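> As input, take input-v3.txt (compact mmCIF, C-alpha atoms):
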# COMPACT_ATOMS: atom_id res chain seq x y z
CA MET A 1 8.97 -5.03 18.83
CA ARG A 2 8.88 -3.21 15.50
CA ILE A 3 5.82 -3.49 13.26
CA VAL A 4 5.27 -2.23 9.72
CA VAL A 5 1.58 -1.56 9.03
CA ALA A 6 0.54 -1.20 5.38
CA LEU A 7 -2.82 0.56 5.25
CA GLY A 8 -5.06 -0.45 2.35
CA GLY A 9 -6.75 2.10 0.14
CA ASN A 10 -10.03 1.52 1.95
CA ALA A 11 -8.50 3.13 5.03
CA LEU A 12 -8.39 6.40 3.08
CA LEU A 13 -11.21 6.30 0.57
CA LYS A 14 -13.79 3.57 0.22
CA ARG A 15 -14.98 2.48 -3.20
CA GLY A 16 -17.75 4.72 -4.47
CA GLN A 17 -17.04 7.55 -2.02
CA ARG A 18 -16.71 11.08 -3.34
CA MET A 19 -13.13 12.32 -3.53
CA SER A 20 -12.84 15.05 -0.91
CA ALA A 21 -10.40 16.03 1.82
CA GLU A 22 -13.06 15.78 4.52
CA ILE A 23 -14.18 12.26 3.56
CA GLN A 24 -10.55 11.12 3.51
CA ARG A 25 -9.95 12.73 6.89
CA ASP A 26 -12.98 10.95 8.36
CA ASN A 27 -11.65 7.61 7.12
CA VAL A 28 -8.12 8.33 8.34
CA ARG A 29 -9.52 9.27 11.76
CA ILE A 30 -11.10 5.81 12.05
CA ALA A 31 -7.77 4.20 11.10
CA ALA A 32 -5.88 6.40 13.57
CA VAL A 33 -8.09 5.30 16.45
CA GLN A 34 -7.22 1.67 15.70
CA LEU A 35 -3.49 2.40 15.31
CA GLY A 36 -3.60 4.41 18.51
CA LYS A 37 -4.41 1.20 20.39
CA ILE A 38 -0.93 -0.14 19.61
CA GLY A 39 1.05 3.07 19.12
CA LEU A 40 2.51 3.13 22.64
CA ALA A 41 3.33 -0.56 22.88
CA TYR A 42 5.31 -1.00 19.66
CA SER A 43 7.75 0.75 17.36
CA LEU A 44 5.55 1.58 14.36
CA VAL A 45 6.25 2.29 10.71
CA ILE A 46 3.13 3.11 8.70
CA THR A 47 2.74 3.05 4.95
CA HIS A 48 -0.36 3.55 2.83
CA GLY A 49 -1.93 3.42 -0.61
CA ASN A 50 -2.48 6.37 -2.94
CA GLY A 51 -4.14 4.94 -6.05
CA PRO A 52 -7.36 6.99 -6.00
CA GLN A 53 -5.52 10.18 -5.03
CA VAL A 54 -2.88 9.94 -7.78
CA GLY A 55 -5.55 9.37 -10.41
CA TRP A 56 -7.65 12.24 -9.05
CA LEU A 57 -4.75 14.70 -9.18
CA ALA A 58 -3.77 13.49 -12.65
CA LEU A 59 -7.32 14.06 -13.89
CA GLN A 60 -7.39 17.53 -12.33
CA GLY A 61 -4.16 18.42 -14.10
CA ALA A 62 -5.37 17.03 -17.41
CA ASN A 63 -8.47 19.24 -17.19
CA MET A 64 -6.43 22.43 -16.85
CA PRO A 65 -5.48 23.30 -20.44
CA GLN A 66 -3.42 26.33 -19.41
CA THR A 67 -0.89 24.11 -17.61
CA ASP A 68 1.19 21.03 -18.40
CA PRO A 69 0.02 17.89 -16.51
CA LEU A 70 2.38 16.87 -13.71
CA PRO A 71 4.26 13.57 -14.14
CA LEU A 72 3.35 10.60 -11.96
CA ASP A 73 6.47 10.79 -9.78
CA VAL A 74 5.56 14.36 -8.77
CA LEU A 75 1.96 13.27 -8.12
CA ASP A 76 3.29 10.39 -6.01
CA ALA A 77 5.23 12.93 -3.93
CA GLU A 78 2.17 15.18 -3.59
CA THR A 79 0.01 12.33 -2.32
CA GLU A 80 2.71 11.16 0.11
CA GLY A 81 2.67 14.60 1.67
CA MET A 82 -1.11 15.00 1.61
CA ILE A 83 -1.99 11.58 3.02
CA GLY A 84 0.95 11.55 5.42
CA TYR A 85 -0.24 14.86 6.83
CA LEU A 86 -3.74 13.48 7.45
CA ILE A 87 -2.43 10.29 9.09
CA GLU A 88 0.12 12.16 11.20
CA GLN A 89 -2.41 14.71 12.44
CA GLU A 90 -5.16 12.22 13.26
CA LEU A 91 -2.73 9.79 14.87
CA SER A 92 -1.33 12.62 17.02
CA ASN A 93 -4.89 13.23 18.21
CA ALA A 94 -5.29 9.53 19.06
CA LEU A 95 -2.01 9.25 20.98
CA PRO A 96 -0.68 11.10 24.03
CA GLY A 97 0.93 14.43 23.16
CA GLN A 98 4.48 13.31 23.94
CA CYS A 99 4.52 10.63 21.21
CA PRO A 100 6.73 11.88 18.34
CA LEU A 101 5.50 11.41 14.76
CA ALA A 102 7.03 12.22 11.39
CA THR A 103 6.07 11.89 7.73
CA LEU A 104 9.03 11.16 5.45
CA LEU A 105 8.89 11.67 1.69
CA THR A 106 10.42 8.49 0.32
CA MET A 107 12.10 7.82 -3.02
CA VAL A 108 12.31 4.19 -4.13
CA GLU A 109 14.77 3.08 -6.78
CA VAL A 110 13.60 0.70 -9.51
CA ASP A 111 15.43 -1.05 -12.33
CA PRO A 112 15.26 1.03 -15.55
CA ALA A 113 15.21 -2.28 -17.46
CA ASP A 114 12.22 -3.64 -15.51
CA PRO A 115 9.81 -5.02 -18.15
CA ALA A 116 6.88 -3.73 -16.07
CA LEU A 117 7.73 -0.22 -17.24
CA THR A 118 6.38 -1.08 -20.68
CA LEU A 119 3.30 -2.97 -19.43
CA PRO A 120 0.76 -0.81 -17.54
CA THR A 121 -1.07 -2.95 -14.95
CA LYS A 122 -1.47 -0.86 -11.77
CA PRO A 123 -4.97 0.66 -11.32
CA VAL A 124 -5.03 4.30 -10.21
CA GLY A 125 -7.72 6.92 -9.88
CA LEU A 126 -11.46 6.82 -10.11
CA VAL A 127 -13.72 4.26 -11.80
CA TYR A 128 -15.41 5.04 -15.12
CA SER A 129 -18.11 3.67 -17.38
CA ARG A 130 -17.12 2.19 -20.73
CA ALA A 131 -18.07 5.40 -22.55
CA GLU A 132 -16.12 7.58 -20.11
CA ALA A 133 -13.09 5.27 -20.33
CA ASP A 134 -13.14 5.34 -24.14
CA LYS A 135 -13.21 9.13 -24.09
CA LEU A 136 -10.21 9.30 -21.75
CA VAL A 137 -8.26 6.93 -23.98
CA GLN A 138 -8.94 9.19 -26.95
CA THR A 139 -8.41 12.55 -25.23
CA ARG A 140 -5.69 11.75 -22.67
CA GLY A 141 -3.96 8.72 -24.14
CA TRP A 142 -4.50 6.77 -20.93
CA THR A 143 -4.49 2.98 -20.78
CA MET A 144 -7.73 1.68 -19.25
CA ALA A 145 -8.62 -1.76 -17.88
CA LEU A 146 -11.65 -3.43 -16.38
CA ASP A 147 -12.09 -3.12 -12.62
CA GLY A 148 -15.16 -5.21 -11.77
CA ASN A 149 -17.86 -3.91 -14.11
CA MET A 150 -16.22 -0.49 -14.43
CA TYR A 151 -12.93 0.81 -15.83
CA ARG A 152 -9.84 2.41 -14.25
CA ARG A 153 -6.64 3.87 -15.58
CA VAL A 154 -3.64 1.53 -15.35
CA VAL A 155 0.02 2.61 -15.21
CA PRO A 156 3.39 0.83 -15.04
CA SER A 157 4.25 -0.75 -11.67
CA PRO A 158 7.94 -1.73 -11.44
CA VAL A 159 9.41 -3.84 -8.63
CA PRO A 160 10.97 -1.76 -5.81
CA GLN A 161 14.71 -2.33 -5.44
CA ARG A 162 15.99 0.11 -2.81
CA ILE A 163 14.54 2.69 -0.43
CA VAL A 164 16.67 5.82 -0.74
CA GLU A 165 15.94 7.45 2.64
CA MET A 166 16.89 4.47 4.82
CA ARG A 167 19.51 6.39 6.85
CA PRO A 168 17.16 9.14 8.09
CA LEU A 169 14.38 6.55 8.54
CA ARG A 170 16.55 4.39 10.79
CA TRP A 171 17.67 7.48 12.72
CA LEU A 172 14.06 8.48 13.39
CA LEU A 173 13.18 4.97 14.58
CA GLU A 174 16.19 4.91 16.89
CA LYS A 175 14.84 8.11 18.47
CA GLY A 176 11.45 6.48 19.13
CA VAL A 177 9.56 8.27 16.36
CA THR A 178 6.51 6.68 14.70
CA VAL A 179 7.25 7.14 11.01
CA ILE A 180 4.82 7.43 8.09
CA CYS A 181 6.74 6.74 4.89
CA ALA A 182 6.85 5.05 1.47
CA GLY A 183 3.23 6.04 0.89
CA GLY A 184 1.73 4.70 -2.32
CA GLY A 185 4.81 2.53 -2.78
CA GLY A 186 7.12 5.54 -2.65
CA ILE A 187 8.26 7.92 -5.37
CA PRO A 188 9.67 5.81 -8.22
CA VAL A 189 13.14 6.86 -9.39
CA ILE A 190 15.89 5.39 -11.52
CA ILE A 191 19.62 6.07 -11.68
CA GLY A 192 20.54 7.28 -15.16
CA GLU A 193 23.77 6.76 -17.04
CA SER A 194 25.18 9.93 -15.48
CA GLY A 195 24.63 8.46 -12.01
CA GLN A 196 21.90 10.95 -11.13
CA ARG A 197 18.41 10.03 -9.97
CA ARG A 198 15.30 11.03 -11.86
CA GLY A 199 11.63 10.26 -11.41
CA ILE A 200 9.68 8.09 -13.82
CA GLU A 201 6.06 7.68 -14.92
CA ALA A 202 4.99 4.81 -12.68
CA VAL A 203 3.34 3.83 -9.40
CA ILE A 204 5.03 1.15 -7.27
CA ASP A 205 2.77 -1.40 -5.62
CA LYS A 206 2.43 -0.32 -2.00
CA ASP A 207 2.42 -3.86 -0.59
CA ARG A 208 5.59 -4.86 -2.42
CA CYS A 209 7.24 -1.72 -1.10
CA ALA A 210 5.93 -2.41 2.41
CA ALA A 211 7.57 -5.85 2.35
CA LEU A 212 10.89 -4.31 1.26
CA LEU A 213 10.52 -1.60 3.92
CA ALA A 214 9.80 -4.18 6.63
CA ARG A 215 12.94 -6.10 5.71
CA GLU A 216 15.10 -2.95 5.65
CA VAL A 217 13.95 -1.67 9.07
CA ASP A 218 14.33 -5.14 10.61
CA ALA A 219 10.63 -5.41 11.46
CA HIS A 220 9.46 -8.32 13.58
CA LEU A 221 6.00 -8.30 11.97
CA LEU A 222 4.45 -7.05 8.74
CA ILE A 223 0.72 -6.31 8.86
CA ILE A 224 -1.08 -5.76 5.56
CA VAL A 225 -4.45 -4.20 6.23
CA THR A 226 -7.34 -4.82 3.87
CA ASP A 227 -11.14 -4.54 3.90
CA VAL A 228 -11.77 -8.23 4.60
CA PRO A 229 -10.93 -10.15 7.79
CA ALA A 230 -8.57 -12.65 6.13
CA VAL A 231 -7.39 -14.14 2.85
CA PHE A 232 -10.14 -16.29 1.34
CA VAL A 233 -10.01 -19.12 -1.18
CA ASP A 234 -12.89 -19.37 -3.66
CA TRP A 235 -13.73 -15.78 -2.70
CA ASP A 236 -16.58 -15.30 -5.14
CA ARG A 237 -18.23 -18.66 -4.47
CA PRO A 238 -20.61 -19.93 -1.76
CA GLU A 239 -17.96 -22.37 -0.53
CA CYS A 240 -15.37 -19.64 0.15
CA ARG A 241 -13.18 -20.24 3.22
CA PRO A 242 -10.80 -17.97 5.13
CA ILE A 243 -7.20 -19.05 5.56
CA CYS A 244 -6.14 -18.78 9.20
CA ARG A 245 -2.53 -19.96 8.99
CA ALA A 246 -0.28 -20.95 6.11
CA SER A 247 3.28 -21.01 4.84
CA PRO A 248 4.41 -19.16 1.71
CA ASP A 249 4.75 -22.49 -0.11
CA ALA A 250 1.18 -23.49 0.79
CA LEU A 251 -0.20 -20.16 -0.47
CA ALA A 252 1.66 -20.58 -3.76
CA ALA A 253 -0.81 -23.34 -4.66
CA PHE A 254 -3.66 -20.80 -4.95
CA ASN A 255 -4.38 -18.10 -7.50
CA PHE A 256 -5.46 -14.86 -5.87
CA ALA A 257 -6.87 -11.87 -7.76
CA ALA A 258 -4.07 -9.90 -9.42
CA GLY A 259 -5.74 -6.54 -8.80
CA SER A 260 -6.56 -7.02 -5.13
CA MET A 261 -5.46 -9.88 -2.85
CA GLY A 262 -2.72 -11.28 -5.11
CA PRO A 263 -0.12 -8.53 -4.47
CA LYS A 264 -0.82 -8.60 -0.73
CA VAL A 265 -0.21 -12.35 -0.49
CA GLU A 266 2.87 -12.06 -2.67
CA ALA A 267 4.31 -9.25 -0.53
CA ALA A 268 3.59 -11.02 2.76
CA CYS A 269 5.19 -14.23 1.51
CA ASP A 270 8.22 -12.32 0.25
CA PHE A 271 8.78 -10.83 3.72
CA VAL A 272 8.45 -14.22 5.42
CA ARG A 273 10.80 -15.94 2.97
CA HIS A 274 13.50 -13.29 3.37
CA THR A 275 13.32 -12.90 7.15
CA GLY A 276 11.79 -16.05 8.61
CA ARG A 277 9.47 -13.73 10.55
CA ARG A 278 5.70 -13.40 10.54
CA ALA A 279 3.32 -11.54 8.25
CA VAL A 280 -0.43 -11.21 8.67
CA ILE A 281 -3.23 -10.00 6.40
CA GLY A 282 -6.53 -8.84 7.86
CA ALA A 283 -8.90 -6.05 8.82
CA LEU A 284 -7.88 -2.84 10.58
CA ALA A 285 -10.61 -3.27 13.20
CA ASP A 286 -8.81 -6.45 14.33
CA ILE A 287 -5.37 -4.82 14.65
CA GLU A 288 -4.70 -6.10 18.19
CA GLN A 289 -5.79 -9.64 17.27
CA LEU A 290 -3.66 -9.52 14.10
CA ILE A 291 -0.65 -8.88 16.30
CA ASP A 292 -1.38 -11.70 18.75
CA GLY A 293 -2.26 -14.10 15.91
CA THR A 294 -5.88 -14.79 16.79
CA LYS A 295 -7.38 -13.17 13.68
CA GLY A 296 -6.45 -12.62 10.06
CA THR A 297 -4.30 -14.82 7.85
CA CYS A 298 -1.01 -15.52 9.60
CA ILE A 299 1.88 -16.47 7.31
CA THR A 300 4.95 -18.14 8.80
CA ALA A 301 7.80 -20.20 7.40
CA ASP A 302 7.29 -23.07 9.87
CA GLN A 303 3.55 -23.66 9.31
CA ALA A 304 3.35 -27.28 8.18
CA ASP A 305 -0.25 -27.46 6.97
CA ILE A 306 -2.65 -24.83 5.76
CA VAL A 307 -5.37 -24.13 8.34
CA PHE A 308 -8.79 -22.96 7.23
CA GLY A 309 -11.48 -21.27 9.29
CA ASN A 310 -15.22 -21.02 8.89
CA ALA A 311 -16.66 -18.48 6.45
Taking this structure as input, can you express it in the form of structure tokens?

Amino acid sequence: MRIVVALGGNALLKRGQRMSAEIQRDNVRIAAVQLGKIGLAYSLVITHGNGPQVGWLALQGANMPQTDPLPLDVLDAETEGMIGYLIEQELSNALPGQCPLATLLTMVEVDPADPALTLPTKPVGLVYSRAEADKLVQTRGWTMALDGNMYRRVVPSPVPQRIVEMRPLRWLLEKGVTVICAGGGGIPVIIGESGQRRGIEAVIDKDRCAALLAREVDAHLLIIVTDVPAVFVDWDRPECRPICRASPDALAAFNFAAGSMGPKVEAACDFVRHTGRRAVIGALADIEQLIDGTKGTCITADQADIVFGNA
């Protein structure tokens, strides 16, 4: 059984934590212990977020006047390598020594005519006060948007169309390798008029890319890991309820937050609609129960009625 696990940003850096390699490693170690519980039983493909890390590296570059800031596609590649290294190392410590692991830098093609390229919506980087955000708009030309009661930089987030490295990825999986790939949604590239690829200033949504990845590797299950145990309706109200089971059509009746749960639900439903297979959204600590369907929000094509649990 092949499973794609999309790790949420909280698996790498929790909100409010200081950006440091050691803090990220500590968080990745916790995630690796959970993934180690299933690493021998299933064929695993692991992907992850990179929003805080991309913004952090961009800010570092912008504060070095003697150099030109690196473009977002290069920063995407840097974070794929950095985070992939941490996951691979900690997962190798959590699994028996004979289990092969590999991190694969992954380019993802997008449509150069995608309207999202002219409409920055994807939050990246750290959070700022209003005064700090205004200063960054003036000095760096960044686009800022509210994130709770703080502000974050937002960048274009085009829809992923094709994963470039599918041949080596499939080869690795055939050899029994656990693969870490498409981190942060992959490195966004377009094919120009000359037929050559080039990177663009964007960050692809990791959950959308995870759904595409799961389809392309013929996964039996897509798990989208977040920092809550399930998808909730009326999340910010006393009467909030977790959704235990639902179909994509049933979930379409609800409006989930665009900056958090919305993309996860959209990606999970996309995978189910295209494959007829199962997707589940839930907490990393419940990874074994997410697989057997006893926890999280399970999304299937044949679920007749939406089933709620107790908050």
> Quick one: residues within 7 Å of region 227-232 of chain A, only C-alpha atoms counted, chain neighbours fewer than 3 positions away excluded, as a list in words?
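The residues that qualify are Asn10, Trp235, Cys240, Arg241, Pro242, Ile243, Ile281, Gly282, Ala283, Gly296 and Thr297 of chain A.
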> Can I get the selected residues back with C-alpha atoms, as a PDB file, in the coordinates of the input?

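After the write, selection.pdb holds the following:
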ATOM      1  CA  ASN A  10     -10.030   1.520   1.950  1.00  0.00           C
ATOM      2  CA  TRP A 235     -13.730 -15.780  -2.700  1.00  0.00           C
ATOM      3  CA  CYS A 240     -15.370 -19.640   0.150  1.00  0.00           C
ATOM      4  CA  ARG A 241     -13.180 -20.240   3.220  1.00  0.00           C
ATOM      5  CA  PRO A 242     -10.800 -17.970   5.130  1.00  0.00           C
ATOM      6  CA  ILE A 243      -7.200 -19.050   5.560  1.00  0.00           C
ATOM      7  CA  ILE A 281      -3.230 -10.000   6.400  1.00  0.00           C
ATOM      8  CA  GLY A 282      -6.530  -8.840   7.860  1.00  0.00           C
ATOM      9  CA  ALA A 283      -8.900  -6.050   8.820  1.00  0.00           C
ATOM     10  CA  GLY A 296      -6.450 -12.620  10.060  1.00  0.00           C
ATOM     11  CA  THR A 297      -4.300 -14.820   7.850  1.00  0.00           C
TER      12      THR A 297
END
> So how far away is CA of Ile223 (chain A) from CA of Met261 (chain A), in Å?
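Between CA of Met261 (chain A) and CA of Ile223 (chain A) the gap is 13.7 Å.
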> Looking at only C-alpha atoms, which of A:His48, A:Arg25, A:Arg140, A:Lys122 is the one that sits closest to Val203 (chain A)?
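The answer is A:Lys122, which sits nearest to Val203 (chain A).
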> Using all atoms listed in the file, pick whichever of A:Met107, A:Ala268, A:Val28, A:Ala210 has the shortest atom-to-atom distance to Pro188 (chain A).
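The closest residue to Pro188 (chain A) is A:Met107.
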> Need the shell around Asp302 (chain A): protein/DNA/RNA residues with any atom at most 10 Å away, counting all atoms listed in the file. Skip same-chain ones fewer than 6 positions apart. Format as a ChimeraX atom specification?
/A:246-248,272,276-278
> Excluding region 251-257 of chain A and residues on its chain fewer than 2 positions from it, collect all residues at most 12 Å away from it, counting all atoms listed in the file, and give them as a PyMOL selection string.
chain A and resi 147-148+231-236+243-249+259-270+297-301+303-308
> So, with only C-alpha atoms as the atoms that count, which of A:Val110, A:Ala21, A:Leu146, A:Leu119 lies closest to Ile163 (chain A)?
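With only C-alpha atoms as the atom set, the closest residue is A:Val110.
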> My structure is short of atoms at region 193-205 of chain A; please model N, CA and C atoms there, returning them as a PDB file, in the frame of the given file.

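Result file selection25.pdb:
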ATOM      1  N   GLU A 193      22.387   7.057 -16.662  1.00  0.00           N
ATOM      2  CA  GLU A 193      23.770   6.760 -17.040  1.00  0.00           C
ATOM      3  C   GLU A 193      24.757   7.728 -16.408  1.00  0.00           C
ATOM      4  N   SER A 194      24.311   8.940 -16.108  1.00  0.00           N
ATOM      5  CA  SER A 194      25.180   9.930 -15.480  1.00  0.00           C
ATOM      6  C   SER A 194      25.332   9.702 -13.982  1.00  0.00           C
ATOM      7  N   GLY A 195      24.585   8.731 -13.435  1.00  0.00           N
ATOM      8  CA  GLY A 195      24.630   8.460 -12.010  1.00  0.00           C
ATOM      9  C   GLY A 195      23.671   9.289 -11.189  1.00  0.00           C
ATOM     10  N   GLN A 196      22.850  10.105 -11.845  1.00  0.00           N
ATOM     11  CA  GLN A 196      21.900  10.950 -11.130  1.00  0.00           C
ATOM     12  C   GLN A 196      20.505  10.317 -11.139  1.00  0.00           C
ATOM     13  N   ARG A 197      19.774  10.564 -10.070  1.00  0.00           N
ATOM     14  CA  ARG A 197      18.410  10.030  -9.970  1.00  0.00           C
ATOM     15  C   ARG A 197      17.450  10.929 -10.732  1.00  0.00           C
ATOM     16  N   ARG A 198      16.414  10.281 -11.273  1.00  0.00           N
ATOM     17  CA  ARG A 198      15.300  11.030 -11.860  1.00  0.00           C
ATOM     18  C   ARG A 198      14.029  10.210 -11.702  1.00  0.00           C
ATOM     19  N   GLY A 199      12.914  10.922 -11.565  1.00  0.00           N
ATOM     20  CA  GLY A 199      11.630  10.260 -11.410  1.00  0.00           C
ATOM     21  C   GLY A 199      11.127   9.694 -12.721  1.00  0.00           C
ATOM     22  N   ILE A 200      10.246   8.709 -12.629  1.00  0.00           N
ATOM     23  CA  ILE A 200       9.680   8.090 -13.820  1.00  0.00           C
ATOM     24  C   ILE A 200       8.158   8.011 -13.705  1.00  0.00           C
ATOM     25  N   GLU A 201       7.514   7.785 -14.840  1.00  0.00           N
ATOM     26  CA  GLU A 201       6.060   7.680 -14.920  1.00  0.00           C
ATOM     27  C   GLU A 201       5.615   6.287 -14.493  1.00  0.00           C
ATOM     28  N   ALA A 202       5.371   6.126 -13.206  1.00  0.00           N
ATOM     29  CA  ALA A 202       4.990   4.810 -12.680  1.00  0.00           C
ATOM     30  C   ALA A 202       4.420   4.982 -11.280  1.00  0.00           C
ATOM     31  N   VAL A 203       3.782   3.923 -10.789  1.00  0.00           N
ATOM     32  CA  VAL A 203       3.340   3.830  -9.400  1.00  0.00           C
ATOM     33  C   VAL A 203       3.761   2.455  -8.888  1.00  0.00           C
ATOM     34  N   ILE A 204       4.565   2.417  -7.842  1.00  0.00           N
ATOM     35  CA  ILE A 204       5.030   1.150  -7.270  1.00  0.00           C
ATOM     36  C   ILE A 204       3.928   0.557  -6.396  1.00  0.00           C
ATOM     37  N   ASP A 205       3.768  -0.743  -6.475  1.00  0.00           N
ATOM     38  CA  ASP A 205       2.770  -1.400  -5.620  1.00  0.00           C
ATOM     39  C   ASP A 205       3.125  -1.192  -4.155  1.00  0.00           C
TER      40      ASP A 205
END
